[in-house]
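Novice: Got protein.txt for you, compact mmCIF, C-alpha atoms:
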```
# COMPACT_ATOMS: atom_id res chain seq x y z
CA MET T 1 6.73 -37.75 19.21
CA SER T 2 3.07 -38.36 19.97
CA ASN T 3 0.64 -36.36 22.05
CA PRO T 4 0.18 -38.45 25.23
CA SER T 5 -2.90 -36.52 26.37
CA GLN T 6 -4.77 -37.16 23.09
CA GLN T 7 -6.29 -33.71 23.52
CA PRO T 8 -6.52 -31.45 20.45
CA PRO T 9 -3.30 -29.48 20.13
CA LEU T 10 -2.98 -25.96 21.43
CA LYS T 11 -2.89 -23.54 18.49
CA VAL T 12 -0.92 -20.31 18.88
CA ALA T 13 0.06 -17.58 16.43
CA ALA T 14 2.88 -15.13 17.10
CA TRP T 15 2.42 -12.00 14.98
CA CYS T 16 5.73 -10.24 14.61
CA ILE T 17 7.58 -7.37 13.10
CA PRO T 18 10.88 -8.06 11.29
CA ARG T 19 14.08 -8.51 13.33
CA SER T 20 12.21 -9.08 16.59
CA LEU T 21 13.78 -12.42 17.57
CA SER T 22 10.65 -14.25 16.47
CA SER T 23 12.67 -17.08 14.92
CA VAL T 24 14.49 -17.54 18.24
CA LEU T 25 11.16 -17.65 20.08
CA THR T 26 10.04 -20.33 17.63
CA GLN T 27 13.20 -22.34 18.31
CA SER T 28 12.33 -22.24 22.01
CA ILE T 29 8.75 -23.43 21.52
CA THR T 30 10.00 -26.20 19.22
CA SER T 31 12.70 -27.37 21.61
CA GLN T 32 10.49 -29.91 23.37
CA GLY T 33 9.98 -31.67 20.07
CA ASN T 34 6.20 -31.97 19.84
CA ALA T 35 5.31 -28.85 17.90
CA GLU T 36 3.97 -28.38 14.38
CA VAL T 37 5.57 -25.14 13.18
CA PHE T 38 4.42 -22.95 10.30
CA PHE T 39 7.08 -20.40 9.48
CA GLU T 40 5.92 -17.22 7.70
CA TYR T 41 3.34 -18.87 5.48
CA TYR T 42 1.33 -15.65 5.20
CA ALA T 43 4.48 -13.66 4.47
CA THR T 44 5.26 -16.16 1.72
CA ALA T 45 1.80 -15.59 0.25
CA ALA T 46 2.25 -11.81 0.41
CA HIS T 47 5.73 -11.81 -1.12
CA GLY T 48 5.65 -14.71 -3.55
CA GLY T 49 2.23 -16.32 -3.83
CA PRO T 50 -0.35 -16.00 -6.63
CA GLU T 51 -1.92 -13.00 -4.84
CA LYS T 52 1.43 -11.44 -4.03
CA ILE T 53 1.33 -7.88 -2.77
CA PHE T 54 4.95 -6.81 -2.56
CA LYS T 55 7.64 -6.40 -5.19
CA THR T 56 10.62 -8.73 -5.05
CA PRO T 57 13.69 -6.91 -3.59
CA GLY T 58 16.60 -5.88 -5.78
CA ASN T 59 16.73 -6.78 -9.45
CA LEU T 60 15.20 -10.24 -9.12
CA PRO T 61 12.23 -10.96 -11.39
CA ASN T 62 9.01 -9.80 -9.82
CA ASP T 63 7.27 -13.09 -10.47
CA VAL T 64 5.23 -15.61 -8.50
CA ARG T 65 7.76 -17.87 -6.79
CA GLU T 66 5.34 -19.91 -4.67
CA PRO T 67 2.21 -20.58 -6.77
CA LEU T 68 0.69 -22.88 -4.13
CA TYR T 69 0.69 -20.22 -1.41
CA SER T 70 -2.61 -18.42 -1.78
CA PHE T 71 -3.98 -16.87 1.41
CA GLN T 72 -6.76 -19.46 1.44
CA TYR T 73 -4.22 -22.28 1.10
CA VAL T 74 -2.33 -20.94 4.12
CA LYS T 75 -5.53 -20.68 6.17
CA ASP T 76 -6.50 -24.24 5.25
CA GLN T 77 -3.10 -25.60 6.27
CA LEU T 78 -3.25 -23.88 9.64
CA GLU T 79 -6.78 -25.07 10.33
CA ALA T 80 -5.99 -28.71 9.52
CA ASP T 81 -5.88 -31.32 12.29
CA TYR T 82 -2.55 -32.28 13.84
CA PRO T 83 -3.69 -34.76 16.50
CA SER T 84 -0.24 -36.09 17.35
CA ARG T 85 1.04 -32.65 18.36
CA GLU T 86 0.82 -30.79 21.65
CA ILE T 87 1.06 -27.38 19.98
CA VAL T 88 0.70 -25.89 16.51
CA PHE T 89 2.81 -22.73 16.43
CA VAL T 90 2.54 -20.12 13.70
CA LYS T 91 5.28 -17.52 13.39
CA ASP T 92 4.39 -14.82 10.89
CA MET T 93 4.49 -11.15 10.00
CA ALA T 94 1.54 -9.02 11.06
CA TYR T 95 1.76 -6.91 7.90
CA ALA T 96 1.17 -10.00 5.73
CA VAL T 97 -2.47 -10.29 6.81
CA ASP T 98 -3.29 -6.58 6.77
CA GLY T 99 -6.69 -6.16 5.12
CA ARG T 100 -7.16 -9.93 5.02
CA TYR T 101 -8.44 -10.71 8.48
CA ASP T 102 -11.00 -13.03 6.90
CA LYS T 103 -8.05 -15.31 6.13
CA LEU T 104 -6.93 -15.57 9.75
CA PRO T 105 -7.11 -19.17 10.96
CA HIS T 106 -9.87 -20.14 13.35
CA GLY T 107 -9.11 -21.73 16.69
CA TYR T 108 -5.89 -19.86 17.47
CA ILE T 109 -4.66 -17.84 20.41
CA HIS T 110 -3.14 -14.73 18.85
CA THR T 111 -0.01 -13.27 20.46
CA PHE T 112 2.37 -10.49 19.49
CA LEU T 113 6.14 -10.00 19.46
CA THR T 114 7.36 -6.44 19.11
CA ARG T 115 10.58 -4.46 19.52
CA HIS T 116 11.67 -0.84 19.68
CA PRO T 117 12.03 0.51 16.12
CA GLY T 118 15.37 2.03 17.11
CA ARG T 119 16.68 -1.53 17.15
CA VAL T 120 14.67 -2.96 14.26
CA PHE T 121 15.53 -0.51 11.50
CA PRO T 122 19.32 -0.51 12.03
CA SER T 123 19.08 -4.30 11.86
CA LEU T 124 17.09 -4.11 8.63
CA VAL T 125 19.66 -1.73 7.15
CA ARG T 126 22.44 -4.20 7.97
CA LEU T 127 20.45 -7.06 6.50
CA ALA T 128 19.83 -5.14 3.27
CA ALA T 129 23.55 -4.41 3.00
CA SER T 130 24.30 -8.13 3.26
CA PHE T 131 22.38 -9.05 0.10
CA PRO T 132 24.68 -10.41 -2.64
CA PRO T 133 25.82 -7.75 -5.17
CA MET T 134 24.27 -9.80 -7.98
CA LEU T 135 20.83 -8.77 -6.66
CA GLY T 136 21.61 -5.09 -7.13
CA GLU T 137 21.13 -2.44 -4.47
CA VAL T 138 18.54 -3.52 -1.92
CA LYS T 139 16.96 -0.98 0.43
CA TYR T 140 15.77 -1.91 3.90
CA HIS T 141 12.18 -0.94 3.07
CA GLU T 142 12.15 -3.54 0.29
CA ILE T 143 12.57 -6.24 2.93
CA SER T 144 9.75 -4.88 5.07
CA PRO T 145 7.71 -3.07 2.41
CA SER T 146 4.33 -2.51 4.04
CA PRO T 147 2.90 1.04 4.03
CA GLY T 148 2.77 1.14 7.82
CA GLN T 149 6.39 -0.05 8.16
CA SER T 150 5.11 -3.21 9.94
CA TYR T 151 4.31 -1.38 13.18
CA LYS T 152 1.00 0.15 12.14
CA GLU T 153 -0.13 -3.20 10.74
CA GLN T 154 0.82 -4.94 13.96
CA TRP T 155 -1.11 -2.39 16.03
CA ASP T 156 -4.14 -2.69 13.75
CA LEU T 157 -4.10 -6.48 14.06
CA PHE T 158 -3.69 -6.21 17.83
CA GLN T 159 -6.78 -4.01 17.99
CA TYR T 160 -8.74 -6.48 15.86
CA VAL T 161 -7.72 -9.42 18.06
CA THR T 162 -8.53 -7.68 21.33
CA ASN T 163 -11.60 -5.67 20.27
CA GLU T 164 -13.29 -7.90 17.68
CA LEU T 165 -12.11 -11.40 18.64
CA LYS T 166 -12.24 -10.47 22.35
CA GLN T 167 -8.95 -12.21 23.08
CA PRO T 168 -6.67 -11.03 25.90
CA ALA T 169 -3.62 -8.97 25.09
CA ILE T 170 -0.50 -11.17 25.00
CA VAL T 171 2.56 -9.15 23.98
CA ILE T 172 6.29 -9.83 24.29
CA ASP T 173 8.94 -7.17 23.82
CA ALA T 174 12.04 -8.77 22.31
CA ASP T 175 14.38 -6.78 24.55
CA ASP T 176 12.63 -8.11 27.65
CA LEU T 177 12.80 -11.63 26.24
CA ILE T 178 16.58 -11.64 25.91
CA ALA T 179 17.14 -9.78 29.18
CA ASN T 180 14.77 -11.94 31.27
CA PRO T 181 14.02 -15.10 29.28
CA ALA T 182 12.89 -17.31 32.17
CA SER T 183 10.39 -14.77 33.52
CA ILE T 184 9.01 -13.77 30.12
CA MET T 185 8.73 -17.31 28.78
CA LYS T 186 7.05 -18.60 31.93
CA GLN T 187 4.44 -15.85 31.81
CA TYR T 188 3.95 -16.30 28.08
CA CYS T 189 3.42 -20.04 28.51
CA ASP T 190 1.00 -19.45 31.37
CA LYS T 191 -1.04 -17.08 29.23
CA ILE T 192 -1.27 -19.44 26.24
CA GLY T 193 -1.73 -22.58 28.35
CA PHE T 194 1.55 -24.27 27.42
CA LYS T 195 3.62 -26.05 30.06
CA PHE T 196 6.78 -24.12 30.93
CA THR T 197 9.99 -25.96 31.77
CA ASP T 198 13.61 -24.84 31.85
CA ASP T 199 14.06 -26.85 28.65
CA LEU T 200 12.50 -23.93 26.82
CA LEU T 201 15.48 -21.75 27.70
CA THR T 202 18.13 -23.78 25.86
CA TRP T 203 17.92 -25.93 22.75
CA GLU T 204 19.93 -27.59 20.02
CA PRO T 205 20.71 -25.48 16.93
CA ASP T 206 18.99 -25.91 13.57
CA LEU T 207 15.67 -27.26 14.80
CA VAL T 208 14.16 -26.31 11.43
CA GLU T 209 15.33 -29.52 9.78
CA LYS T 210 15.33 -31.71 12.87
CA HIS T 211 11.69 -30.98 13.63
CA ASN T 212 10.47 -30.50 10.06
CA TRP T 213 9.20 -26.94 10.26
CA HIS T 214 6.87 -25.92 7.46
CA LEU T 215 8.54 -23.19 5.43
CA ALA T 216 8.45 -22.46 1.74
CA GLN T 217 11.33 -23.29 -0.58
CA SER T 218 11.85 -19.59 -1.30
CA GLN T 219 12.38 -19.00 2.44
CA LYS T 220 14.94 -21.78 2.57
CA MET T 221 16.77 -20.39 -0.45
CA GLY T 222 16.71 -16.87 0.96
CA ASN T 223 18.32 -18.09 4.14
CA GLN T 224 20.88 -20.10 2.19
CA PHE T 225 22.03 -17.23 -0.03
CA ILE T 226 21.41 -14.21 2.21
CA GLY T 227 21.50 -15.66 5.70
CA THR T 228 18.28 -13.95 6.78
CA TYR T 229 17.72 -16.41 9.62
CA LYS T 230 21.20 -17.89 9.90
CA ARG T 231 21.99 -16.53 13.35
CA ALA T 232 18.54 -17.31 14.74
CA PHE T 233 18.53 -20.87 13.41
CA ALA T 234 21.99 -21.44 14.87
CA SER T 235 20.96 -20.12 18.28
CA THR T 236 20.91 -22.31 21.38
CA CYS T 237 19.42 -19.84 23.89
CA PHE T 238 18.07 -16.31 24.30
CA GLU T 239 21.51 -14.76 24.17
CA GLY T 240 22.31 -11.12 24.66
CA GLY T 241 21.46 -10.24 28.25
CA ALA T 242 20.59 -6.66 29.10
CA PRO T 243 20.22 -4.72 25.82
CA LYS T 244 22.47 -1.76 25.07
CA GLU T 245 21.07 1.74 25.11
CA ILE T 246 19.13 2.61 21.97
CA ASN T 247 20.96 5.12 19.80
CA TYR T 248 20.18 5.62 16.12
CA ASP T 249 21.90 8.99 15.61
CA SER T 250 24.22 7.48 13.01
CA GLU T 251 21.40 6.10 10.87
CA SER T 252 20.35 7.71 7.59
CA ASP T 253 17.66 10.38 7.57
CA ASP T 254 15.39 7.89 5.84
CA ALA T 255 15.84 5.29 8.58
CA LYS T 256 15.42 7.91 11.30
CA ALA T 257 12.15 9.03 9.72
CA ALA T 258 10.92 5.42 9.67
CA ILE T 259 11.83 5.00 13.34
CA GLU T 260 9.99 8.17 14.31
CA PHE T 261 6.94 7.12 12.28
CA CYS T 262 6.81 3.69 13.97
CA LEU T 263 7.55 4.80 17.51
CA PRO T 264 3.96 5.80 18.43
CA PHE T 265 2.61 2.41 17.28
CA TYR T 266 5.32 0.59 19.22
CA GLU T 267 4.57 2.63 22.34
CA LYS T 268 0.86 1.79 22.07
CA ILE T 269 1.33 -1.97 21.90
CA ALA T 270 4.19 -1.92 24.43
CA LYS T 271 1.74 -0.74 27.08
CA TYR T 272 0.34 -4.29 27.05
CA LYS T 273 3.62 -6.19 27.11
CA ILE T 274 4.46 -8.87 29.64
CA LEU T 275 6.65 -7.35 32.34
CA PRO T 276 9.73 -9.16 33.69
```
Represent the structure of the file as structure tokens.

Specialist:
Amino acid sequence: MSNPSQQPPLKVAAWCIPRSLSSVLTQSITSQGNAEVFFEYYATAAHGGPEKIFKTPGNLPNDVREPLYSFQYVKDQLEADYPSREIVFVKDMAYAVDGRYDKLPHGYIHTFLTRHPGRVFPSLVRLAASFPPMLGEVKYHEISPSPGQSYKEQWDLFQYVTNELKQPAIVIDADDLIANPASIMKQYCDKIGFKFTDDLLTWEPDLVEKHNWHLAQSQKMGNQFIGTYKRAFASTCFEGGAPKEINYDSESDDAKAAIEFCLPFYEKIAKYKILP
């Protein structure tokens, strides 16, 4: 699909924490068919590129799985021209660029997707438990291994974007998104300058292949064997409705400690979230 306006495409980055429905948000943005999508390119660099920062989970070899994905390579790809597109949409993890703000792409509107840690960490625990036994025991913090448990890094990046880049605060809370998708998406689109239609609220499943998202082979293999994004990629709407009450009493002491550590950072950024 071509860009009928022939204007340069809108460029938007959504900086996320894990398990925050960011893949579902990306499905929505892609649903109109004229988006160039880059899916966790910085996270790929941080976890598997030549400058990798984080150890591979479980007992897999801790080697470079994606030798092409340097941080500079990612920046160059995002800054390239995509004249036939209406929007270039980057979905990535805020922790992946921590300390590397010089590698942020120029020309982007930076937005943020967050979620209460009382929902995120139980989800990470369940994801870690779903890893195949052949990988050995995988802990949730190996999936999201940053020192600030993702939340501090997201808050730090938010401060950089608003204070240094002088961009407005654009924040979505995942719980609000699934409870009030039409209101949240319309306001989000208004803030980034993207036309909102009801078509953004429902879509066909598996848009990754249909619309040729950019994602590394290691990401594809991880989804194939572990199902990291299986539910999100199979989604057709913002399903869920009003979220259940948050209760993490049954979680391990380790997970509870992580939730309590992250809660102040979540509360800071949530003050700027789009309200239904």

Novice: Would you work out the distance separating CA of Ser28 in chain T from CA of Thr114 in chain T, expressed in Å to one decimal?

Specialist: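 Distance reported for this atom pair: 16.8 Å.
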
Novice: Would you compute the box with edges along x, y and z of the file around range 135-138 of chain T, including every atom the file lists for it and 3 Å extra on each side, and give its centre and edge lengths in Å to one decimal, as lines of an AutoDock Vina configuration file?

Specialist:
```
center_x = 20.1
center_y = -5.6
center_z = -4.5
size_x = 9.1
size_y = 12.3
size_z = 11.2
```

Novice: Do you have the CA of Ile184 in chain T-CA of Ala35 in chain T distance handy?

Specialist: 19.8 Å

Novice: Between T:Leu68, T:Cys262, T:Leu25, T:Leu201, which is the closest to Ser218 in chain T once you count only C-alpha atoms?

Specialist: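 Checking each candidate against Ser218 in chain T, we get T:Leu68 as the closest.
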
Novice: Go through T:Ile87, T:Ala46, T:Ala216, T:Leu10 and flag the residue nearest Gly33 in chain T, using only C-alpha atoms for the distances.

Specialist: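 Looking only at the distances to Gly33 in chain T, the closest residue turns out to be T:Ile87.
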
Novice: If I take CA of His106 in chain T and CA of Gln159 in chain T, how far is one from the other in Å, to one decimal?

Specialist: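 Atom-to-atom, CA of His106 in chain T to CA of Gln159 in chain T, that is 17.1 Å.
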
Novice: So that I can check the surroundings of Arg100 in chain T, please list as JSON, numbers by chain every protein, DNA and RNA residue that reaches within 12 Å of it, counting all atoms listed in the file and ignoring chain neighbours fewer than 6 positions away.

Specialist: {"T": [42, 45, 46, 51, 53, 70, 71, 72, 75, 94, 153, 156, 157, 160]}

Novice: Got a sec: who's within 10 Å of Gln7 in chain T, counting all atoms listed in the file, leaving out chain neighbours fewer than 4 positions off, as a list of chain:residue names?

Specialist: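 Near neighbours after the sequence-gap exclusion: T:Asn3, T:Pro83, T:Ser84, T:Arg85, T:Glu86.
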
Novice: Given the choices T:Asp63, T:Glu245, T:Glu164, T:Glu36, which gets closest to Val88 in chain T if the distance is worked out from only C-alpha atoms?

Specialist: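 Once distances to Val88 in chain T are computed over only C-alpha atoms, the minimum belongs to T:Glu36.
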
Novice: Tell me which protein, DNA and RNA residues are within 8 Å of Gly240 in chain T, counting only C-alpha atoms, leaving out same-chain ones fewer than 3 positions away, and put them as a PyMOL selection string.

Specialist: chain T and resi 178-179+243

Novice: Extract, using all atoms listed in the file, all DNA, RNA and protein residues at most 10 Å from Ser31 in chain T, discarding same-chain residues fewer than 6 positions from it, and format them as a ChimeraX atom specification.

Specialist: /T:25,199-205,207,211,236

Novice: Return the single residue from T:Asp206, T:Pro57, T:Asp92, T:Pro132 that is closest to Ala234 in chain T, with distances computed using only C-alpha atoms.

Specialist: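 Closest to Ala234 in chain T, using only C-alpha atoms: T:Asp206.
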
Novice: With all atoms listed in the file as the atoms that count, which of T:Ile274, T:Val161, T:Glu251, T:Glu40 lies nearest to Cys189 in chain T?

Specialist: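 Going through T:Ile274, T:Val161, T:Glu251, T:Glu40 one by one, the smallest distance to Cys189 in chain T is for T:Ile274.
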
Novice: My list of candidates is T:Gln217, T:Ser235, T:Thr162, T:Ser150. Which is closest to Pro117 in chain T when distances are computed with all atoms listed in the file?

Specialist: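 Smallest distance to Pro117 in chain T is found for T:Ser150.
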
Novice: Tell me, as an MDAnalysis selection string, which residues lie within 12 Å of Tyr41 in chain T, counting only C-alpha atoms; anything in the same chain fewer than 2 positions away does not count.

Specialist: chainID T and resid 13 15 37:39 43:49 66 68:78 89:94 96:97 103:105 213:219
